[in-house]
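Asks: Mind looking over this structure? Questions follow.
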Amino acid sequence: MAFDYDLDFDNIDFREQPELYRVGRGEQGVLMVEPYKSEILEHWRFKTPEIAKESSEKIYEMYLDYKEAGDFVGMDMARKFLQMGYTRSRRYANYKGGRKYDEDGQVKERDIDEEKAESAAIFEKKWIIVREDEEYLKMKKEHQKKYG
């Protein structure tokens, strides 16, 4: 089932109501699903490789805590933040200022920033670990079967 953008995200605690959570595609809902957004967002940074390393390790540690608690929604949200760390770092690595399009809507020429590319690689490694975690995949399948 697709991510439901019609839910009242301002008033839903997805830890208390995990049945309302839908995995969606990619990073859908990453900045909407509480209390996870607030818990994880404060640690999400990628400006330099050092910052990205610290951030990705903290978010991965949170993933493991959610996993230990049997909290699939938290696990999936941590996965989304790791994925977003990768995709945003790549965007900034490829395009100065993170802007892919110019004022006319044309794709800008790439201008590779090696520091941001390194940040992206750091997040990508943690993202791959999570998305290939057998327990995560099992819990994801169970959640989708049970709730859609």
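Simple scheme: letters A, B, ... for chains in structure tokens order, numbers from 1 for residues in each chain, numbers from 1 for ligands in the order shown.
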Sorted by chain and rising residue number, which residues of region 77-121 of chain A lie within 9 Å of region 58-67 of chain A, and what are their closest atom pairs and distances in Å to one decimal, counting only C-alpha atoms, as CSV?

Replies:
```
residue,atom,partner,partner_atom,distance
A:Met77,CA,A:Tyr63,CA,8.3
A:Ala78,CA,A:Tyr63,CA,5.5
A:Arg79,CA,A:Tyr63,CA,7.4
A:Phe81,CA,A:Ile59,CA,7.6
A:Leu82,CA,A:Ile59,CA,7.2
```

Asks: Got time to write the residues from that selection, C-alpha atoms, as an mmCIF file, in the first residue's frame?

Replies:
```cif
data_model
loop_
_atom_site.group_PDB
_atom_site.id
_atom_site.type_symbol
_atom_site.label_atom_id
_atom_site.label_comp_id
_atom_site.auth_asym_id
_atom_site.auth_seq_id
_atom_site.Cartn_x
_atom_site.Cartn_y
_atom_site.Cartn_z
ATOM 1 C CA MET A 77 12.469 5.696 9.678
ATOM 2 C CA ALA A 78 16.160 5.297 10.573
ATOM 3 C CA ARG A 79 16.609 3.559 7.210
ATOM 4 C CA PHE A 81 17.199 9.025 7.182
ATOM 5 C CA LEU A 82 20.274 7.008 6.173
#
```

Asks: So which one's closest to Asp13 (chain A), A:Phe123, A:Tyr147, A:Phe72, A:Tyr36? Using only C-alpha atoms, please.

Replies: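 The answer is A:Tyr36, which sits nearest to Asp13 (chain A).
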
Asks: Have a look at A:Ala2, A:Arg99, A:Pro49, A:Pro35 and name the one nearest to Gln17 (chain A); count only C-alpha atoms.

Replies: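 Nearest candidate to Gln17 (chain A) out of A:Ala2, A:Arg99, A:Pro49, A:Pro35: A:Pro35.
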
Asks: If you run DSSP on this backbone, which residues of region 69-114 of chain A come out as helix (DSSP H, G or I), and could you give them as a list in words?

Replies: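 For region 69-114 of chain A, the helix (DSSP H, G or I) set is Phe72, Val73, Gly74, Met75, Asp76, Met77, Ala78, Arg79, Lys80, Phe81, Leu82, Gln83, Met84, Gly85, Tyr86, Thr87, Arg88, Ser89, Arg90, Arg91, Tyr92, Ala93, Asn94, Lys96, Gly97, Gly98 and Glu114 of chain A.
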
Asks: What lies within 12 Å of Glu54 (chain A) using only C-alpha atoms, ignoring chain neighbours under 2 positions off, as number ranges by chain?

Replies: A: 43-52, 56-61, 85, 119, 122-123, 126

Asks: Need to verify the contact set: Glu34 (chain A), 12 Å, only C-alpha atoms, exclusion of same-chain residues closer than 4 positions in sequence. Can you return it as a PyMOL selection string?

Replies: chain A and resi 8-18+20-21+29-30+38-41+73-74+77

Asks: Would you list the contacts of Arg90 (chain A) as JSON, numbers by chain, taking every protein, DNA or RNA residue within 10 Å and counting only C-alpha atoms, but skipping same-chain residues closer than 6 positions in sequence?

Replies: {"A": [84, 98, 112, 113, 114, 116, 117, 118, 119, 120, 121, 124]}

Asks: Could you take the residues named above and write them with C-alpha atoms, as a short mmCIF file (atom, residue, chain, number, x, y, z; two decimals), in the first residue's frame?

Replies:
```cif
data_model
loop_
_atom_site.label_atom_id
_atom_site.label_comp_id
_atom_site.auth_asym_id
_atom_site.auth_seq_id
_atom_site.Cartn_x
_atom_site.Cartn_y
_atom_site.Cartn_z
CA MET A 84 18.24 10.57 2.65
CA GLY A 98 22.42 21.21 -4.17
CA ILE A 112 31.61 17.31 -8.44
CA ASP A 113 32.38 18.12 -4.79
CA GLU A 114 34.60 15.27 -3.55
CA LYS A 116 30.18 15.68 -0.32
CA ALA A 117 30.73 12.55 -2.43
CA GLU A 118 32.66 11.07 0.49
CA SER A 119 29.81 12.01 2.86
CA ALA A 120 27.39 10.24 0.50
CA ALA A 121 29.53 7.09 0.50
CA GLU A 124 25.40 4.69 1.68
#
```

Asks: Measure the distance from CA of Asp4 (chain A) to CA of Glu27 (chain A) in Å and round it to one decimal.

Replies: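 Here the two named atoms are 13.1 Å from each other.
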
Asks: At what distance in Å, to one decimal, does CA of Leu7 (chain A) lie from CA of Glu135 (chain A)?

Replies: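 Computed distance, CA of Glu135 (chain A) to CA of Leu7 (chain A), equals 27.8 Å.
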
Asks: Enter the distance from CA of Gln83 (chain A) to CA of Lys141 (chain A), in Å, rounded to one decimal.

Replies: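 Between these atoms lies a distance of 19.1 Å.
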
Asks: With only C-alpha atoms as the counted atoms, please give the residues lying no more than 12 Å from Lys140 (chain A), apart from itself and same-chain residues fewer than 2 positions off, as an mmCIF file with C-alpha atoms, in the first residue's frame.

Replies:
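File out07.cif, as written:
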```
data_model
loop_
_atom_site.group_PDB
_atom_site.id
_atom_site.type_symbol
_atom_site.label_atom_id
_atom_site.label_comp_id
_atom_site.auth_asym_id
_atom_site.auth_seq_id
_atom_site.Cartn_x
_atom_site.Cartn_y
_atom_site.Cartn_z
ATOM 1 C CA TYR A 21 2.321 3.605 9.152
ATOM 2 C CA ARG A 22 2.983 2.677 5.534
ATOM 3 C CA VAL A 23 6.503 2.060 4.289
ATOM 4 C CA GLY A 24 5.936 3.771 0.953
ATOM 5 C CA LYS A 67 15.378 -3.092 16.375
ATOM 6 C CA GLY A 70 10.948 -4.567 18.104
ATOM 7 C CA ASP A 71 9.940 -1.153 16.733
ATOM 8 C CA PHE A 72 9.689 -1.622 12.971
ATOM 9 C CA VAL A 73 8.458 1.919 12.292
ATOM 10 C CA GLY A 74 11.518 3.339 14.060
ATOM 11 C CA MET A 75 13.769 0.967 12.132
ATOM 12 C CA ASP A 76 12.240 2.014 8.834
ATOM 13 C CA MET A 77 12.469 5.696 9.678
ATOM 14 C CA ARG A 79 16.609 3.559 7.210
ATOM 15 C CA VAL A 130 20.080 -1.650 7.097
ATOM 16 C CA ARG A 131 18.204 -2.337 3.881
ATOM 17 C CA GLU A 132 19.831 -5.783 3.622
ATOM 18 C CA ASP A 133 19.345 -6.697 7.300
ATOM 19 C CA GLU A 134 17.416 -9.996 7.319
ATOM 20 C CA GLU A 135 15.468 -9.091 10.458
ATOM 21 C CA TYR A 136 14.521 -5.699 8.989
ATOM 22 C CA LEU A 137 13.330 -7.369 5.776
ATOM 23 C CA LYS A 138 11.310 -9.920 7.748
ATOM 24 C CA GLU A 142 5.190 -8.723 8.299
ATOM 25 C CA HIS A 143 4.221 -5.067 8.736
ATOM 26 C CA GLN A 144 3.110 -4.755 5.120
ATOM 27 C CA LYS A 145 1.155 -8.027 5.292
ATOM 28 C CA LYS A 146 -0.578 -7.018 8.506
ATOM 29 C CA TYR A 147 -1.240 -3.326 7.788
ATOM 30 C CA GLY A 148 -0.784 -2.812 4.079
#
```
